[in-house]
Amino acid sequence: MAFRPDLFNPSEEHQALREMARQFAEKELWPQAQAADRAEKFNLPLFRKAGDLGLLGITIDEKWGGAGMDATAAVIVHEELSAADPGFCLAYLAHSMLFVNNFAVNANDAQRRRVLPKVISGSWVAGMGMSEPHAGTDALAMRTTARRDGDDYILNGAKMWITNGAINDHELGDCFLIYARTGEARGKAISSFLVEKGMEGFRLGQRIKDKLGMRASPTAELVFEDCRVPAANRIGEEGESTLHMMRNLEIERLTLAAMSLGLARKCIEIMNQYASDRKAFGQSIRNFGQVQRHIADSYAQWMAGRSYVYATAAAMDLASHGNRLDSDGVKLYCSTMGKEVADRAIQVLGGYGYVGEYHVERLWRDAKLLEIGGGTLEAHQKNIVGDLRRVAVLR
Ligand SMILES: Cc1cc2nc3c(=O)[nH]c(=O)nc-3n(C[C@H](O)[C@H](O)[C@H](O)COP(=O)(O)OP(=O)(O)OC[C@H]3O[C@@H](n4cnc5c(N)ncnc54)[C@H](O)[C@@H]3O)c2cc1C
């Protein structure tokens with residue numbers, strides 16, 4: 001059939017990417033997702049396979065070994081992977097968006113040459129450390145410090161909730177983009193550093209276990225005790241990383257919203273099929289108006305969220321100025337949409353929805369994280385109202 005571009009597949013390359021990502025998700029991720037969730041196990045071999053498929057450097061310029069694709073491509077991959085295994089997809093997001101894309105935009109050429117091949121291939125697992133035990137939503141209140149000492153910086157502090165912080169119970173991830181304070185001024189004294197496993201004074205803190213959902217993504221605390229980082233590992237100018245952090249949050253929010261789309265789609269497919277198969281009172285339960293409402297409302301809300309996400313992605317330049325209003329908007333809308341759709345799927349499946357067999361209970365647990373991670377609902381509401389303060393007429 002001839003290719004016809006639409007909002008969700010604007011080019012043949014986008015469509016081919018979706019097909020490849022969907023095949024990977026269905027053939028490789030889906031069969032192991034339930035077990036990885038139960039065992040709280042990050043699937044490193046599959047992560048490396050994502051590297052072989054070119055997914056880890058999806059947004060990186062071809063001259064650095066990436067696929068050179070746009071924000072829409074990033075959305076497509078997150079939507080597809082999350083339809084099978086949101087936990088794995090969260091680890092993918094932390095690596096490919098929070099580290100790789102962020103690093104590629106803000107690092108210098110020497111840093112890019114040394115690090116990008118390792119993270120794009122998947123031989124290094126990477127993450128990003130912004131949140132701290134005492135500072136999440138209020139990220140600029142971070143306490144981790146970096147003090148210049150000759151050709152090095154000395155880092156002290158801790159980062160909390162870091163996805164890919166550990167790749168198993170004992171082992172750190174390989175490298176991290178860490179934000180730290182290089183001065184007192186709240187917004188103007190944040191710098192970022194490439195911190196690598198094995199650096200003196202850098203260790204794994206608590207490995208965060210028994211999460212409600214996203215259990216296939218490893219989460220850990222990272223600790224810096226007089227951690228010596230070469231000045232050559234500072235990313236960008238000293239004190240100028242607040243903007244990097246804010247821009248990266250926009251991309252994070254867009255792709256987290258795409259994750260909500262993926263898991264919602266899977267829940268709709270499951271409840272739609274189940275409603276045909278399950279009989280009660282001599283007929284398929286899909287004939288009952290209350291069940292129809294669950295399915296129909298879910299479909300319409302999913303499509304509304306999907307349209308908003310893809311429209312926002314189409315207008316987003318990954319490297320320059322972004323769109324805070326709509327990156328907050330898509331995540332505010334889609335995270336709750338995803339959770340509500342997963343909730344309805346459980347309801348339509350009755351008792352079978354409440355146990356693991358049909359996966360919807362896992363997807364419901366995973367969906368909840370998306371109302372918290374990368375910005376809480378309340379943070380998005382605060383930002384949106386802040387950004388609308390001077391807007392009298394919406395175009
Ligand atoms: C599984 C998981 C993975 C994560 N991965 C990473 C990662 O890789 N890297 C990273 O840096 N961080 C990561 N995070 C951290 C995540 O981004 C934070 O949890 C999130 O930003 C919220 O911060 P907090 O948990 O400190 O909550 P707090 O900021 O303490 O918020 C607590 C409550 O207060 C509300 N609140 C706070 N301020 C306001 C306000 N001004 N107005 C209204 N309400 C407010 C919040 O909305 C929330 O309801 C992860 C978290 C989880 C759970």
# chains A, B, ... in the order shown; residues from 1 in each chain; ligands from 1

call {"tool": "residues_near_ligand", "arguments": {"ligand": "ligand 1", "cutoff": "7 Å", "atoms": "only C-alpha atoms and all ligand atoms", "output": "list in words"}}
result
Ala94, Gly127, Met128, Gly129, Met130, Ser131, Pro133, His134, Ala135, Gly136, Thr137, Asp138, Met160, Trp161, Ile162, Thr163, Asn164, Met214, Thr219, Leu369, Ile372, Gly373, Gly374, Gly375, Thr376, Leu377, Glu378, Ala379 and Lys382 of chain A

call {"tool": "write_last_selection", "arguments": {"atoms": "C-alpha atoms", "output": "PDB file, in the first residue's frame"}}
result
ATOM      1  CA  ALA A  94      16.802   7.972  31.002  1.00  0.00           C
ATOM      2  CA  GLY A 127      21.557   8.344  33.367  1.00  0.00           C
ATOM      3  CA  MET A 128      20.954  11.879  34.604  1.00  0.00           C
ATOM      4  CA  GLY A 129      21.052  13.151  38.200  1.00  0.00           C
ATOM      5  CA  MET A 130      19.020  16.226  39.030  1.00  0.00           C
ATOM      6  CA  SER A 131      16.782  15.177  41.949  1.00  0.00           C
ATOM      7  CA  PRO A 133      16.826  13.567  48.749  1.00  0.00           C
ATOM      8  CA  HIS A 134      15.680  17.096  49.746  1.00  0.00           C
ATOM      9  CA  ALA A 135      14.951  18.648  46.345  1.00  0.00           C
ATOM     10  CA  GLY A 136      12.667  17.263  43.648  1.00  0.00           C
ATOM     11  CA  THR A 137      10.101  19.693  42.268  1.00  0.00           C
ATOM     12  CA  ASP A 138      12.211  22.494  43.713  1.00  0.00           C
ATOM     13  CA  MET A 160      18.115  10.475  44.557  1.00  0.00           C
ATOM     14  CA  TRP A 161      15.792   8.390  42.353  1.00  0.00           C
ATOM     15  CA  ILE A 162      18.296   8.062  39.540  1.00  0.00           C
ATOM     16  CA  THR A 163      17.064   5.783  36.767  1.00  0.00           C
ATOM     17  CA  ASN A 164      19.939   3.551  35.568  1.00  0.00           C
ATOM     18  CA  MET A 214       8.409   0.692  36.544  1.00  0.00           C
ATOM     19  CA  THR A 219      16.519   3.186  40.419  1.00  0.00           C
ATOM     20  CA  LEU A 369       4.841   6.930  37.922  1.00  0.00           C
ATOM     21  CA  ILE A 372       5.240  11.964  39.395  1.00  0.00           C
ATOM     22  CA  GLY A 373       8.538  11.405  37.543  1.00  0.00           C
ATOM     23  CA  GLY A 374       9.917  14.179  35.339  1.00  0.00           C
ATOM     24  CA  GLY A 375       7.582  16.603  37.132  1.00  0.00           C
ATOM     25  CA  THR A 376       4.496  16.038  39.229  1.00  0.00           C
ATOM     26  CA  LEU A 377       1.003  16.977  38.054  1.00  0.00           C
ATOM     27  CA  GLU A 378       1.141  19.927  40.424  1.00  0.00           C
ATOM     28  CA  ALA A 379       4.451  21.110  38.942  1.00  0.00           C
ATOM     29  CA  LYS A 382       2.097  25.547  38.299  1.00  0.00           C
TER      30      LYS A 382
END

call {"tool": "closest_atom_pairs", "arguments": {"of": "stretch 287-377 of chain A", "to": "stretch 238-256 of chain A", "cutoff": "9 Å", "atoms": "only C-alpha atoms", "output": "Markdown table"}}
result
| residue | atom | partner | partner_atom | distance |
| --- | --- | --- | --- | --- |
| A:Val309 | CA | A:Leu254 | CA | 6.9 |
| A:Thr312 | CA | A:Leu254 | CA | 8.0 |
| A:Ala313 | CA | A:Leu254 | CA | 7.3 |
| A:Met316 | CA | A:Ile251 | CA | 8.6 |
| A:Leu318 | CA | A:Ile251 | CA | 7.3 |
| A:Ala319 | CA | A:Arg247 | CA | 8.6 |
| A:Ser320 | CA | A:Arg247 | CA | 8.1 |
| A:His321 | CA | A:Arg247 | CA | 7.4 |
| A:Gly322 | CA | A:Arg247 | CA | 6.6 |
| A:Asn323 | CA | A:Glu250 | CA | 7.1 |
| A:Arg324 | CA | A:Glu250 | CA | 6.0 |
| A:Asp326 | CA | A:Leu254 | CA | 8.5 |
| A:Ser327 | CA | A:Glu250 | CA | 5.3 |
| A:Asp328 | CA | A:Arg253 | CA | 6.5 |
| A:Gly329 | CA | A:Arg253 | CA | 8.9 |
| A:Val330 | CA | A:Leu254 | CA | 6.6 |
| A:Lys331 | CA | A:Arg253 | CA | 5.7 |
| A:Leu332 | CA | A:Arg253 | CA | 9.0 |
| A:Cys334 | CA | A:Leu256 | CA | 8.7 |
| A:Ser335 | CA | A:Leu256 | CA | 7.9 |
| A:Leu370 | CA | A:Leu256 | CA | 6.7 |
| A:Gly373 | CA | A:Leu256 | CA | 8.5 |
| A:Gly374 | CA | A:Arg253 | CA | 6.2 |
| A:Gly375 | CA | A:Arg253 | CA | 7.7 |

call {"tool": "select_by_dssp", "arguments": {"residues": "stretch 32-235 of chain A", "states": "strand (DSSP E or B)", "output": "JSON, numbers by chain"}}
result
{"A": [126, 127, 128, 129, 132, 135, 145, 146, 147, 148, 149, 152, 153, 154, 155, 156, 157, 158, 159, 160, 161, 162, 163, 166, 172, 175, 176, 177, 178, 179, 180, 181, 190, 191, 192, 193, 194, 195, 196, 202, 203, 204, 205, 206, 207, 208, 219, 220, 221, 222, 223, 224, 225, 226, 227, 228, 229, 230, 234, 235]}

call {"tool": "write_last_selection", "arguments": {"atoms": "C-alpha atoms", "output": "mmCIF file, in the first residue's frame"}}
result
data_model
loop_
_atom_site.group_PDB
_atom_site.id
_atom_site.type_symbol
_atom_site.label_atom_id
_atom_site.label_comp_id
_atom_site.auth_asym_id
_atom_site.auth_seq_id
_atom_site.Cartn_x
_atom_site.Cartn_y
_atom_site.Cartn_z
ATOM 1 C CA ALA A 126 23.892 6.183 31.316
ATOM 2 C CA GLY A 127 21.557 8.344 33.367
ATOM 3 C CA MET A 128 20.954 11.879 34.604
ATOM 4 C CA GLY A 129 21.052 13.151 38.200
ATOM 5 C CA GLU A 132 18.132 14.942 45.474
ATOM 6 C CA ALA A 135 14.951 18.648 46.345
ATOM 7 C CA THR A 145 28.263 21.121 45.328
ATOM 8 C CA ALA A 146 31.186 21.161 42.926
ATOM 9 C CA ARG A 147 34.246 23.102 44.061
ATOM 10 C CA ARG A 148 37.093 23.878 41.662
ATOM 11 C CA ASP A 149 40.440 22.419 42.749
ATOM 12 C CA ASP A 152 39.503 19.077 38.904
ATOM 13 C CA TYR A 153 36.201 19.716 40.594
ATOM 14 C CA ILE A 154 35.388 18.133 43.949
ATOM 15 C CA LEU A 155 31.756 16.995 44.171
ATOM 16 C CA ASN A 156 29.920 16.430 47.450
ATOM 17 C CA GLY A 157 26.289 15.454 47.916
ATOM 18 C CA ALA A 158 23.785 12.859 46.765
ATOM 19 C CA LYS A 159 21.343 12.342 43.899
ATOM 20 C CA MET A 160 18.115 10.475 44.557
ATOM 21 C CA TRP A 161 15.792 8.390 42.353
ATOM 22 C CA ILE A 162 18.296 8.062 39.540
ATOM 23 C CA THR A 163 17.064 5.783 36.767
ATOM 24 C CA ALA A 166 22.499 0.849 39.138
ATOM 25 C CA LEU A 172 26.673 1.422 39.268
ATOM 26 C CA CYS A 175 28.189 7.339 33.348
ATOM 27 C CA PHE A 176 25.943 10.178 34.422
ATOM 28 C CA LEU A 177 25.193 13.746 33.662
ATOM 29 C CA ILE A 178 25.178 15.266 37.158
ATOM 30 C CA TYR A 179 23.960 18.748 38.026
ATOM 31 C CA ALA A 180 25.763 20.426 40.902
ATOM 32 C CA ARG A 181 26.013 23.850 42.478
ATOM 33 C CA ILE A 190 24.216 25.209 38.383
ATOM 34 C CA SER A 191 26.860 23.371 36.368
ATOM 35 C CA SER A 192 26.807 19.894 34.885
ATOM 36 C CA PHE A 193 29.433 17.186 34.907
ATOM 37 C CA LEU A 194 30.091 13.885 33.251
ATOM 38 C CA VAL A 195 30.674 11.536 36.187
ATOM 39 C CA GLU A 196 31.950 8.063 35.372
ATOM 40 C CA PHE A 202 31.714 8.201 43.560
ATOM 41 C CA ARG A 203 29.616 5.302 44.846
ATOM 42 C CA LEU A 204 26.226 3.661 44.736
ATOM 43 C CA GLY A 205 23.979 4.692 47.642
ATOM 44 C CA GLN A 206 20.755 2.838 48.335
ATOM 45 C CA ARG A 207 19.351 0.715 45.527
ATOM 46 C CA ILE A 208 15.678 1.674 45.520
ATOM 47 C CA THR A 219 16.519 3.186 40.419
ATOM 48 C CA ALA A 220 19.265 4.182 42.826
ATOM 49 C CA GLU A 221 20.791 6.870 44.953
ATOM 50 C CA LEU A 222 24.212 8.158 43.843
ATOM 51 C CA VAL A 223 26.657 9.443 46.449
ATOM 52 C CA PHE A 224 29.574 11.854 45.948
ATOM 53 C CA GLU A 225 32.109 12.073 48.773
ATOM 54 C CA ASP A 226 34.966 14.372 47.786
ATOM 55 C CA CYS A 227 34.458 12.932 44.333
ATOM 56 C CA ARG A 228 37.206 14.158 42.020
ATOM 57 C CA VAL A 229 35.986 14.959 38.502
ATOM 58 C CA PRO A 230 38.364 16.392 35.886
ATOM 59 C CA ARG A 234 32.405 19.792 32.921
ATOM 60 C CA ILE A 235 29.684 20.099 30.305
#

call {"tool": "select_by_dssp", "arguments": {"residues": "stretch 210-346 of chain A", "states": "helix (DSSP H, G or I)", "output": "MDAnalysis selection string"}}
result
chainID A and resid 231:233 242:277 285:287 289:314 324:346
